[in-house]
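What follows is the content of structure_36.cif, which has mmCIF, N, CA and C atoms:
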```cif
data_target
#
loop_
_atom_site.label_atom_id
_atom_site.label_comp_id
_atom_site.auth_asym_id
_atom_site.auth_seq_id
_atom_site.Cartn_x
_atom_site.Cartn_y
_atom_site.Cartn_z
N MET H 1 26.13 21.89 -26.18
CA MET H 1 25.17 22.55 -25.30
C MET H 1 25.24 24.06 -25.57
N ASN H 2 24.06 24.66 -25.75
CA ASN H 2 24.06 26.10 -26.00
C ASN H 2 24.03 26.87 -24.68
N LYS H 3 24.17 28.18 -24.79
CA LYS H 3 24.27 29.03 -23.60
C LYS H 3 23.01 28.95 -22.73
N GLN H 4 21.83 28.94 -23.34
CA GLN H 4 20.58 28.88 -22.58
C GLN H 4 20.47 27.58 -21.78
N ASP H 5 20.88 26.47 -22.41
CA ASP H 5 20.86 25.18 -21.71
C ASP H 5 21.84 25.18 -20.55
N SER H 6 22.99 25.79 -20.77
CA SER H 6 24.02 25.86 -19.72
C SER H 6 23.52 26.67 -18.53
N ILE H 7 22.87 27.79 -18.81
CA ILE H 7 22.32 28.62 -17.73
C ILE H 7 21.25 27.84 -16.96
N ALA H 8 20.36 27.17 -17.68
CA ALA H 8 19.30 26.38 -17.03
C ALA H 8 19.90 25.28 -16.16
N ASP H 9 20.94 24.61 -16.66
CA ASP H 9 21.61 23.56 -15.88
C ASP H 9 22.25 24.12 -14.63
N ASP H 10 22.90 25.28 -14.76
CA ASP H 10 23.54 25.90 -13.60
C ASP H 10 22.52 26.32 -12.55
N LEU H 11 21.40 26.90 -12.99
CA LEU H 11 20.35 27.29 -12.05
C LEU H 11 19.73 26.07 -11.38
N ASP H 12 19.56 24.99 -12.14
CA ASP H 12 19.04 23.74 -11.57
C ASP H 12 19.97 23.22 -10.48
N MET H 13 21.28 23.24 -10.75
CA MET H 13 22.26 22.79 -9.77
C MET H 13 22.19 23.66 -8.51
N LEU H 14 22.04 24.98 -8.68
CA LEU H 14 21.96 25.88 -7.53
C LEU H 14 20.66 25.67 -6.74
N ALA H 15 19.57 25.37 -7.42
CA ALA H 15 18.31 25.08 -6.71
C ALA H 15 18.47 23.82 -5.86
N ARG H 16 19.12 22.80 -6.43
CA ARG H 16 19.36 21.57 -5.66
C ARG H 16 20.28 21.84 -4.46
N LEU H 17 21.27 22.68 -4.67
CA LEU H 17 22.18 23.05 -3.58
C LEU H 17 21.42 23.79 -2.48
N ALA H 18 20.54 24.71 -2.86
CA ALA H 18 19.75 25.46 -1.88
C ALA H 18 18.88 24.51 -1.05
N ALA H 19 18.26 23.53 -1.72
CA ALA H 19 17.43 22.56 -1.00
C ALA H 19 18.28 21.76 -0.02
N LYS H 20 19.44 21.34 -0.46
CA LYS H 20 20.33 20.53 0.39
C LYS H 20 20.83 21.34 1.60
N LEU H 21 21.27 22.56 1.34
CA LEU H 21 21.83 23.39 2.42
C LEU H 21 20.80 23.77 3.48
N THR H 22 19.54 23.86 3.07
CA THR H 22 18.49 24.24 4.02
C THR H 22 17.68 23.05 4.51
N ALA H 23 18.03 21.85 4.03
CA ALA H 23 17.30 20.62 4.38
C ALA H 23 15.81 20.76 4.06
N ALA H 24 15.52 21.44 2.95
CA ALA H 24 14.14 21.64 2.52
C ALA H 24 13.83 20.67 1.37
N PRO H 25 12.60 20.16 1.34
CA PRO H 25 12.24 19.23 0.27
C PRO H 25 12.04 19.91 -1.08
N VAL H 26 11.94 21.23 -1.08
CA VAL H 26 11.74 21.94 -2.35
C VAL H 26 12.44 23.30 -2.31
N ALA H 27 13.08 23.61 -3.44
CA ALA H 27 13.71 24.92 -3.61
C ALA H 27 13.51 25.33 -5.06
N SER H 28 13.43 26.63 -5.28
CA SER H 28 13.26 27.12 -6.64
C SER H 28 14.10 28.36 -6.85
N ILE H 29 14.45 28.56 -8.10
CA ILE H 29 15.11 29.81 -8.51
C ILE H 29 14.30 30.36 -9.67
N THR H 30 13.86 31.59 -9.50
CA THR H 30 13.08 32.28 -10.52
C THR H 30 13.87 33.50 -10.96
N VAL H 31 13.96 33.69 -12.27
CA VAL H 31 14.60 34.88 -12.83
C VAL H 31 13.54 35.60 -13.65
N PHE H 32 13.35 36.88 -13.36
CA PHE H 32 12.34 37.66 -14.06
C PHE H 32 12.86 38.16 -15.40
N ASP H 33 11.95 38.42 -16.29
CA ASP H 33 12.27 38.93 -17.62
C ASP H 33 12.84 40.34 -17.49
N ALA H 34 13.97 40.57 -18.14
CA ALA H 34 14.64 41.88 -18.07
C ALA H 34 13.80 42.98 -18.69
N GLU H 35 12.83 42.64 -19.51
CA GLU H 35 12.01 43.64 -20.19
C GLU H 35 10.91 44.21 -19.31
N ASP H 36 10.68 43.62 -18.14
CA ASP H 36 9.63 44.13 -17.27
C ASP H 36 10.00 45.52 -16.76
N ALA H 37 8.99 46.32 -16.57
CA ALA H 37 9.21 47.67 -16.07
C ALA H 37 9.68 47.62 -14.63
N PRO H 38 10.69 48.43 -14.27
CA PRO H 38 11.16 48.45 -12.88
C PRO H 38 10.04 48.85 -11.93
N GLY H 39 9.94 48.13 -10.84
CA GLY H 39 8.95 48.46 -9.82
C GLY H 39 7.54 48.04 -10.16
N GLY H 40 7.37 47.33 -11.27
CA GLY H 40 6.03 46.90 -11.65
C GLY H 40 5.50 45.81 -10.73
N ASP H 41 4.19 45.74 -10.59
CA ASP H 41 3.59 44.72 -9.74
C ASP H 41 3.62 43.34 -10.39
N VAL H 42 3.61 43.31 -11.70
CA VAL H 42 3.60 42.04 -12.41
C VAL H 42 4.95 41.84 -13.07
N GLN H 43 5.57 40.72 -12.79
CA GLN H 43 6.85 40.40 -13.38
C GLN H 43 6.74 39.10 -14.14
N THR H 44 7.19 39.12 -15.38
CA THR H 44 7.16 37.94 -16.21
C THR H 44 8.36 37.07 -15.87
N VAL H 45 8.13 35.78 -15.76
CA VAL H 45 9.19 34.85 -15.44
C VAL H 45 9.93 34.48 -16.72
N ALA H 46 11.23 34.73 -16.73
CA ALA H 46 12.05 34.36 -17.88
C ALA H 46 12.57 32.94 -17.72
N ARG H 47 12.96 32.58 -16.49
CA ARG H 47 13.46 31.23 -16.19
C ARG H 47 12.95 30.83 -14.82
N HIS H 48 12.65 29.54 -14.69
CA HIS H 48 12.19 29.03 -13.40
C HIS H 48 12.62 27.58 -13.30
N VAL H 49 13.40 27.26 -12.28
CA VAL H 49 13.82 25.89 -12.05
C VAL H 49 13.40 25.49 -10.64
N VAL H 50 13.05 24.22 -10.48
CA VAL H 50 12.61 23.71 -9.18
C VAL H 50 13.35 22.42 -8.89
N ALA H 51 13.87 22.32 -7.69
CA ALA H 51 14.43 21.07 -7.18
C ALA H 51 13.45 20.60 -6.11
N CYS H 52 12.87 19.42 -6.33
CA CYS H 52 11.83 18.97 -5.41
C CYS H 52 11.91 17.47 -5.19
N ASP H 53 11.77 17.07 -3.94
CA ASP H 53 11.66 15.66 -3.60
C ASP H 53 10.33 15.16 -4.15
N LYS H 54 10.38 14.22 -5.06
CA LYS H 54 9.16 13.76 -5.75
C LYS H 54 8.13 13.15 -4.79
N ALA H 55 8.59 12.42 -3.79
CA ALA H 55 7.66 11.83 -2.82
C ALA H 55 6.96 12.94 -2.04
N TRP H 56 7.70 13.97 -1.66
CA TRP H 56 7.12 15.11 -0.94
C TRP H 56 6.09 15.81 -1.82
N ALA H 57 6.43 16.02 -3.09
CA ALA H 57 5.52 16.70 -4.01
C ALA H 57 4.23 15.91 -4.19
N THR H 58 4.34 14.59 -4.27
CA THR H 58 3.16 13.74 -4.42
C THR H 58 2.28 13.83 -3.19
N GLU H 59 2.91 13.80 -2.03
CA GLU H 59 2.18 13.85 -0.75
C GLU H 59 1.55 15.22 -0.51
N HIS H 60 2.13 16.27 -1.11
CA HIS H 60 1.66 17.64 -0.90
C HIS H 60 1.21 18.27 -2.22
N SER H 61 0.37 17.56 -2.92
CA SER H 61 -0.08 18.03 -4.23
C SER H 61 -0.90 19.31 -4.14
N ASP H 62 -1.34 19.69 -2.95
CA ASP H 62 -2.08 20.94 -2.78
C ASP H 62 -1.16 22.16 -2.79
N ILE H 63 0.14 21.95 -2.69
CA ILE H 63 1.10 23.06 -2.69
C ILE H 63 1.60 23.27 -4.12
N ASP H 64 1.44 24.49 -4.61
CA ASP H 64 1.86 24.83 -5.97
C ASP H 64 3.32 25.28 -5.93
N ILE H 65 4.22 24.34 -6.15
CA ILE H 65 5.64 24.66 -6.05
C ILE H 65 6.10 25.61 -7.14
N GLU H 66 5.34 25.73 -8.20
CA GLU H 66 5.70 26.67 -9.27
C GLU H 66 5.56 28.12 -8.81
N GLN H 67 4.85 28.35 -7.71
CA GLN H 67 4.62 29.71 -7.23
C GLN H 67 5.60 30.15 -6.14
N LEU H 68 6.61 29.34 -5.85
CA LEU H 68 7.53 29.70 -4.77
C LEU H 68 8.35 30.95 -5.06
N GLY H 69 8.56 31.26 -6.32
CA GLY H 69 9.33 32.46 -6.67
C GLY H 69 8.59 33.75 -6.46
N ASN H 70 7.32 33.68 -6.09
CA ASN H 70 6.52 34.86 -5.84
C ASN H 70 6.05 34.83 -4.39
N PRO H 71 6.69 35.61 -3.53
CA PRO H 71 6.32 35.58 -2.10
C PRO H 71 4.84 35.82 -1.83
N ARG H 72 4.19 36.64 -2.65
CA ARG H 72 2.76 36.93 -2.43
C ARG H 72 1.90 35.68 -2.54
N THR H 73 2.21 34.84 -3.52
CA THR H 73 1.41 33.63 -3.69
C THR H 73 1.93 32.49 -2.83
N ALA H 74 3.23 32.49 -2.55
CA ALA H 74 3.81 31.40 -1.76
C ALA H 74 3.29 31.42 -0.32
N VAL H 75 3.24 32.59 0.29
CA VAL H 75 2.82 32.65 1.70
C VAL H 75 1.35 32.30 1.87
N ALA H 76 0.57 32.39 0.82
CA ALA H 76 -0.84 32.04 0.90
C ALA H 76 -1.05 30.53 0.93
N GLN H 77 0.01 29.77 0.74
CA GLN H 77 -0.11 28.32 0.67
C GLN H 77 0.06 27.63 2.02
N HIS H 78 0.18 28.39 3.08
CA HIS H 78 0.25 27.84 4.43
C HIS H 78 1.41 26.86 4.59
N LEU H 79 2.58 27.29 4.19
CA LEU H 79 3.78 26.48 4.34
C LEU H 79 4.33 26.64 5.76
N GLY H 80 4.96 25.60 6.26
CA GLY H 80 5.58 25.68 7.58
C GLY H 80 6.86 26.51 7.51
N LEU H 81 7.59 26.36 6.42
CA LEU H 81 8.82 27.12 6.19
C LEU H 81 8.76 27.71 4.80
N TYR H 82 8.99 29.00 4.70
CA TYR H 82 9.18 29.65 3.42
C TYR H 82 10.29 30.67 3.60
N ALA H 83 11.39 30.46 2.93
CA ALA H 83 12.52 31.38 2.99
C ALA H 83 12.86 31.79 1.58
N ALA H 84 12.92 33.09 1.33
CA ALA H 84 13.22 33.59 -0.01
C ALA H 84 14.23 34.72 0.08
N ILE H 85 15.18 34.68 -0.83
CA ILE H 85 16.20 35.72 -0.93
C ILE H 85 16.13 36.29 -2.34
N PRO H 86 16.02 37.61 -2.47
CA PRO H 86 15.95 38.18 -3.82
C PRO H 86 17.30 38.12 -4.54
N LEU H 87 17.22 37.97 -5.85
CA LEU H 87 18.40 38.12 -6.70
C LEU H 87 18.42 39.59 -7.09
N ARG H 88 19.55 40.26 -6.87
CA ARG H 88 19.61 41.71 -7.09
C ARG H 88 20.65 42.08 -8.15
N ASN H 89 20.28 43.04 -8.98
CA ASN H 89 21.22 43.64 -9.93
C ASN H 89 22.18 44.55 -9.18
N GLY H 90 23.19 45.01 -9.86
CA GLY H 90 24.14 45.95 -9.25
C GLY H 90 23.48 47.23 -8.78
N ASP H 91 22.36 47.62 -9.41
CA ASP H 91 21.65 48.83 -9.00
C ASP H 91 20.65 48.58 -7.87
N GLY H 92 20.59 47.32 -7.39
CA GLY H 92 19.70 46.98 -6.29
C GLY H 92 18.32 46.50 -6.70
N SER H 93 18.03 46.55 -8.00
CA SER H 93 16.71 46.08 -8.44
C SER H 93 16.63 44.55 -8.36
N THR H 94 15.44 44.06 -8.10
CA THR H 94 15.22 42.62 -7.98
C THR H 94 15.06 42.01 -9.36
N ILE H 95 15.88 41.00 -9.65
CA ILE H 95 15.79 40.32 -10.94
C ILE H 95 15.29 38.88 -10.80
N GLY H 96 15.03 38.46 -9.56
CA GLY H 96 14.57 37.10 -9.35
C GLY H 96 14.51 36.75 -7.88
N MET H 97 14.40 35.44 -7.62
CA MET H 97 14.24 34.97 -6.26
C MET H 97 14.75 33.54 -6.13
N VAL H 98 15.44 33.26 -5.04
CA VAL H 98 15.73 31.88 -4.67
C VAL H 98 14.88 31.61 -3.42
N ALA H 99 14.16 30.49 -3.44
CA ALA H 99 13.24 30.21 -2.34
C ALA H 99 13.30 28.74 -1.95
N CYS H 100 13.09 28.48 -0.67
CA CYS H 100 13.02 27.11 -0.14
C CYS H 100 11.73 27.00 0.67
N ALA H 101 11.16 25.80 0.66
CA ALA H 101 9.90 25.60 1.38
C ALA H 101 9.82 24.20 1.97
N ASP H 102 9.01 24.10 3.01
CA ASP H 102 8.74 22.83 3.66
C ASP H 102 7.37 22.95 4.33
N ASP H 103 6.71 21.83 4.53
CA ASP H 103 5.44 21.86 5.25
C ASP H 103 5.67 21.84 6.75
N GLN H 104 6.87 21.46 7.19
CA GLN H 104 7.20 21.43 8.60
C GLN H 104 7.57 22.83 9.07
N SER H 105 6.98 23.26 10.16
CA SER H 105 7.25 24.59 10.70
C SER H 105 8.61 24.61 11.38
N ARG H 106 9.48 25.47 10.90
CA ARG H 106 10.81 25.63 11.50
C ARG H 106 11.44 26.90 10.95
N GLU H 107 12.54 27.30 11.55
CA GLU H 107 13.29 28.45 11.07
C GLU H 107 14.65 27.97 10.58
N LEU H 108 15.20 28.71 9.63
CA LEU H 108 16.55 28.41 9.19
C LEU H 108 17.54 28.96 10.21
N SER H 109 18.66 28.27 10.37
CA SER H 109 19.71 28.78 11.24
C SER H 109 20.38 29.97 10.54
N ASP H 110 21.15 30.73 11.30
CA ASP H 110 21.88 31.85 10.71
C ASP H 110 22.83 31.36 9.61
N ASP H 111 23.46 30.20 9.85
CA ASP H 111 24.36 29.63 8.84
C ASP H 111 23.60 29.26 7.57
N GLN H 112 22.44 28.61 7.72
CA GLN H 112 21.64 28.24 6.54
C GLN H 112 21.19 29.47 5.77
N LEU H 113 20.77 30.50 6.49
CA LEU H 113 20.33 31.73 5.83
C LEU H 113 21.50 32.40 5.10
N GLY H 114 22.67 32.39 5.73
CA GLY H 114 23.86 32.94 5.09
C GLY H 114 24.22 32.18 3.82
N LEU H 115 24.13 30.84 3.88
CA LEU H 115 24.43 30.03 2.70
C LEU H 115 23.40 30.25 1.60
N LEU H 116 22.15 30.45 1.97
CA LEU H 116 21.11 30.74 0.98
C LEU H 116 21.39 32.07 0.29
N LYS H 117 21.91 33.02 1.03
CA LYS H 117 22.30 34.32 0.43
C LYS H 117 23.44 34.12 -0.57
N HIS H 118 24.36 33.22 -0.26
CA HIS H 118 25.45 32.93 -1.20
C HIS H 118 24.91 32.28 -2.47
N VAL H 119 23.96 31.37 -2.31
CA VAL H 119 23.34 30.74 -3.48
C VAL H 119 22.65 31.81 -4.33
N ALA H 120 21.99 32.77 -3.69
CA ALA H 120 21.33 33.86 -4.43
C ALA H 120 22.35 34.70 -5.21
N ALA H 121 23.51 34.95 -4.60
CA ALA H 121 24.56 35.70 -5.30
C ALA H 121 25.08 34.92 -6.50
N LEU H 122 25.26 33.62 -6.34
CA LEU H 122 25.71 32.78 -7.47
C LEU H 122 24.65 32.74 -8.57
N ALA H 123 23.39 32.62 -8.18
CA ALA H 123 22.31 32.60 -9.17
C ALA H 123 22.23 33.91 -9.93
N THR H 124 22.49 35.01 -9.25
CA THR H 124 22.52 36.31 -9.91
C THR H 124 23.62 36.35 -10.96
N ALA H 125 24.79 35.85 -10.60
CA ALA H 125 25.91 35.82 -11.55
C ALA H 125 25.58 34.93 -12.76
N VAL H 126 24.95 33.80 -12.52
CA VAL H 126 24.56 32.90 -13.61
C VAL H 126 23.53 33.57 -14.51
N ALA H 127 22.56 34.24 -13.91
CA ALA H 127 21.50 34.91 -14.69
C ALA H 127 22.06 35.99 -15.58
N HIS H 128 23.14 36.62 -15.15
CA HIS H 128 23.78 37.68 -15.95
C HIS H 128 24.71 37.14 -17.01
N ASN H 129 24.90 35.85 -17.01
CA ASN H 129 25.82 35.21 -17.96
C ASN H 129 25.36 35.36 -19.39
#
```

As structure tokens, what does this structure read like?
Amino acid sequence: MNKQDSIADDLDMLARLAAKLTAAPVASITVFDAEDAPGGDVQTVARHVVACDKAWATEHSDIDIEQLGNPRTAVAQHLGLYAAIPLRNGDGSTIGMVACADDQSRELSDDQLGLLKHVAALATAVAHN
């Protein structure tokens, strides 16, 4: 297994963990391309992994789960739950996003939100690998 495959596998595992910890049917981790200009409005996706309950995805085919890493497009999809935590570099710049979504309206508990922040920190470390 090469390094790129290993990173993709690790991000996939973390997306599944985020979905499990938040009891959400879908979670994604998006890592932006390092070549994008800081503060730019458009960010190119370098890596994107999604953990999704297939039955939920089939039932909600109107929801574009590929857009969960972009809060601007995700919130336009009328989700009941959308929680996103940015992946941050040491300088504070955003290098990606971990996001969870559900069609059921609810809020994450403080514990779930804290765990999602931990997943974001782990995903940041993996992305820098």

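Here the question is which of H:Leu68, H:Cys100, H:Ser61, H:Ile95 gets nearest to Val26 of chain H using all atoms listed in the file, and that residue is H:Cys100.
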
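Picture a line from atom CA of Pro25 of chain H to atom CA of Gln4 of chain H; it runs 26.2 Å.
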
What lies within 12 Å of Gly114 of chain H using only C-alpha atoms, ignoring chain neighbours under 5 positions off, as number ranges by chain? H: 18, 21-22, 83-85, 108-109, 119-121

Deliver the residues from the most recent selection as a file, using N, CA and C atoms, as a JSON list (two decimals), keeping the file's coordinate frame.
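The resulting out_32.json:
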```json
[["chain", "number", "residue", "atom", "x", "y", "z"],
["H", 18, "ALA", "N", 20.54, 24.71, -2.86],
["H", 18, "ALA", "CA", 19.75, 25.46, -1.88],
["H", 18, "ALA", "C", 18.88, 24.51, -1.05],
["H", 21, "LEU", "N", 21.27, 22.56, 1.34],
["H", 21, "LEU", "CA", 21.83, 23.39, 2.42],
["H", 21, "LEU", "C", 20.80, 23.77, 3.48],
["H", 22, "THR", "N", 19.54, 23.86, 3.07],
["H", 22, "THR", "CA", 18.49, 24.24, 4.02],
["H", 22, "THR", "C", 17.68, 23.05, 4.51],
["H", 83, "ALA", "N", 11.39, 30.46, 2.93],
["H", 83, "ALA", "CA", 12.52, 31.38, 2.99],
["H", 83, "ALA", "C", 12.86, 31.79, 1.58],
["H", 84, "ALA", "N", 12.92, 33.09, 1.33],
["H", 84, "ALA", "CA", 13.22, 33.59, -0.01],
["H", 84, "ALA", "C", 14.23, 34.72, 0.08],
["H", 85, "ILE", "N", 15.18, 34.68, -0.83],
["H", 85, "ILE", "CA", 16.20, 35.72, -0.93],
["H", 85, "ILE", "C", 16.13, 36.29, -2.34],
["H", 108, "LEU", "N", 15.20, 28.71, 9.63],
["H", 108, "LEU", "CA", 16.55, 28.41, 9.19],
["H", 108, "LEU", "C", 17.54, 28.96, 10.21],
["H", 109, "SER", "N", 18.66, 28.27, 10.37],
["H", 109, "SER", "CA", 19.71, 28.78, 11.24],
["H", 109, "SER", "C", 20.38, 29.97, 10.54],
["H", 119, "VAL", "N", 23.96, 31.37, -2.31],
["H", 119, "VAL", "CA", 23.34, 30.74, -3.48],
["H", 119, "VAL", "C", 22.65, 31.81, -4.33],
["H", 120, "ALA", "N", 21.99, 32.77, -3.69],
["H", 120, "ALA", "CA", 21.33, 33.86, -4.43],
["H", 120, "ALA", "C", 22.35, 34.70, -5.21],
["H", 121, "ALA", "N", 23.51, 34.95, -4.60],
["H", 121, "ALA", "CA", 24.56, 35.70, -5.30],
["H", 121, "ALA", "C", 25.08, 34.92, -6.50]]
```

Take the point (5.8, 26.4, 1.1) in the file's coordinates, draw a sphere of radius 5 Å around it, and report as a JSON list (two decimals) with N, CA and C atoms, in the frame of the given file every protein, DNA or RNA residue with an atom inside or on it, counting only N, CA and C atoms.
```
[["chain", "number", "residue", "atom", "x", "y", "z"],
["H", 79, "LEU", "N", 2.58, 27.29, 4.19],
["H", 79, "LEU", "CA", 3.78, 26.48, 4.34],
["H", 79, "LEU", "C", 4.33, 26.64, 5.76],
["H", 81, "LEU", "N", 7.59, 26.36, 6.42],
["H", 81, "LEU", "CA", 8.82, 27.12, 6.19],
["H", 81, "LEU", "C", 8.76, 27.71, 4.80],
["H", 101, "ALA", "N", 11.16, 25.80, 0.66],
["H", 101, "ALA", "CA", 9.90, 25.60, 1.38],
["H", 101, "ALA", "C", 9.82, 24.20, 1.97],
["H", 102, "ASP", "N", 9.01, 24.10, 3.01],
["H", 102, "ASP", "CA", 8.74, 22.83, 3.66],
["H", 102, "ASP", "C", 7.37, 22.95, 4.33]]
```

Could you tell me which of H:Glu66, H:Glu107, H:Asp5, H:Asp91 comes closest to Ala51 of chain H if we count only C-alpha atoms? H:Glu66

Backbone DSSP call of alpha helix (DSSP H) for chain H, listed as a VMD selection string: chain H and resid 3 to 22 54 to 59 71 to 74 110 to 127

Cut-off 5 Å around (10.1, 26.5, -7.6) with all atoms listed in the file: residues as a PDB file with N, CA and C atoms, in the coordinates of the input:
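Resulting contents of selection_32.pdb:
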```
ATOM      1  N   ALA H  27      13.080  23.610  -3.440  1.00  0.00           N
ATOM      2  CA  ALA H  27      13.710  24.920  -3.610  1.00  0.00           C
ATOM      3  C   ALA H  27      13.510  25.330  -5.060  1.00  0.00           C
ATOM      4  N   SER H  28      13.430  26.630  -5.280  1.00  0.00           N
ATOM      5  CA  SER H  28      13.260  27.120  -6.640  1.00  0.00           C
ATOM      6  C   SER H  28      14.100  28.360  -6.850  1.00  0.00           C
ATOM      7  N   ILE H  29      14.450  28.560  -8.100  1.00  0.00           N
ATOM      8  CA  ILE H  29      15.110  29.810  -8.510  1.00  0.00           C
ATOM      9  C   ILE H  29      14.300  30.360  -9.670  1.00  0.00           C
ATOM     10  N   VAL H  49      13.400  27.260 -12.280  1.00  0.00           N
ATOM     11  CA  VAL H  49      13.820  25.890 -12.050  1.00  0.00           C
ATOM     12  C   VAL H  49      13.400  25.490 -10.640  1.00  0.00           C
ATOM     13  N   VAL H  50      13.050  24.220 -10.480  1.00  0.00           N
ATOM     14  CA  VAL H  50      12.610  23.710  -9.180  1.00  0.00           C
ATOM     15  C   VAL H  50      13.350  22.420  -8.890  1.00  0.00           C
ATOM     16  N   ILE H  65       4.220  24.340  -6.150  1.00  0.00           N
ATOM     17  CA  ILE H  65       5.640  24.660  -6.050  1.00  0.00           C
ATOM     18  C   ILE H  65       6.100  25.610  -7.140  1.00  0.00           C
ATOM     19  N   GLU H  66       5.340  25.730  -8.200  1.00  0.00           N
ATOM     20  CA  GLU H  66       5.700  26.670  -9.270  1.00  0.00           C
ATOM     21  C   GLU H  66       5.560  28.120  -8.810  1.00  0.00           C
ATOM     22  N   LEU H  68       6.610  29.340  -5.850  1.00  0.00           N
ATOM     23  CA  LEU H  68       7.530  29.700  -4.770  1.00  0.00           C
ATOM     24  C   LEU H  68       8.350  30.950  -5.060  1.00  0.00           C
TER      25      LEU H  68
END
```

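In this structure, atom CA of Gln112 of chain H sits 15.4 Å away from atom CA of Pro86 of chain H.
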
Length of the atom C of Trp56 of chain H to atom CA of Thr124 of chain H vector [Å]: 27.5 Å

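Take the candidates H:Gly92, H:Val31, H:Leu17, H:Gly80 and check each one against Ala127 of chain H using all atoms listed in the file; the shortest distance goes to H:Val31.
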
Smallest atom-to-atom distance to Asp9 of chain H: which of H:His128, H:Arg88, H:Ala123, H:Ala99, using only C-alpha atoms? H:Ala123

Enclose segment 87-100 of chain H, meaning all of its atoms listed in the file, in a box aligned along x, y and z, pad it by 3 Å on each side, and list the centre and edge lengths in Å to one decimal, as JSON.
```
{"center_x": 17.9, "center_y": 37.9, "center_z": -5.1, "size_x": 18.4, "size_y": 27.8, "size_z": 17.6}
```

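Here the question is which of H:Lys54, H:Lys20, H:Asn129, H:Leu116 gets nearest to Met97 of chain H using only C-alpha atoms, and that residue is H:Leu116.
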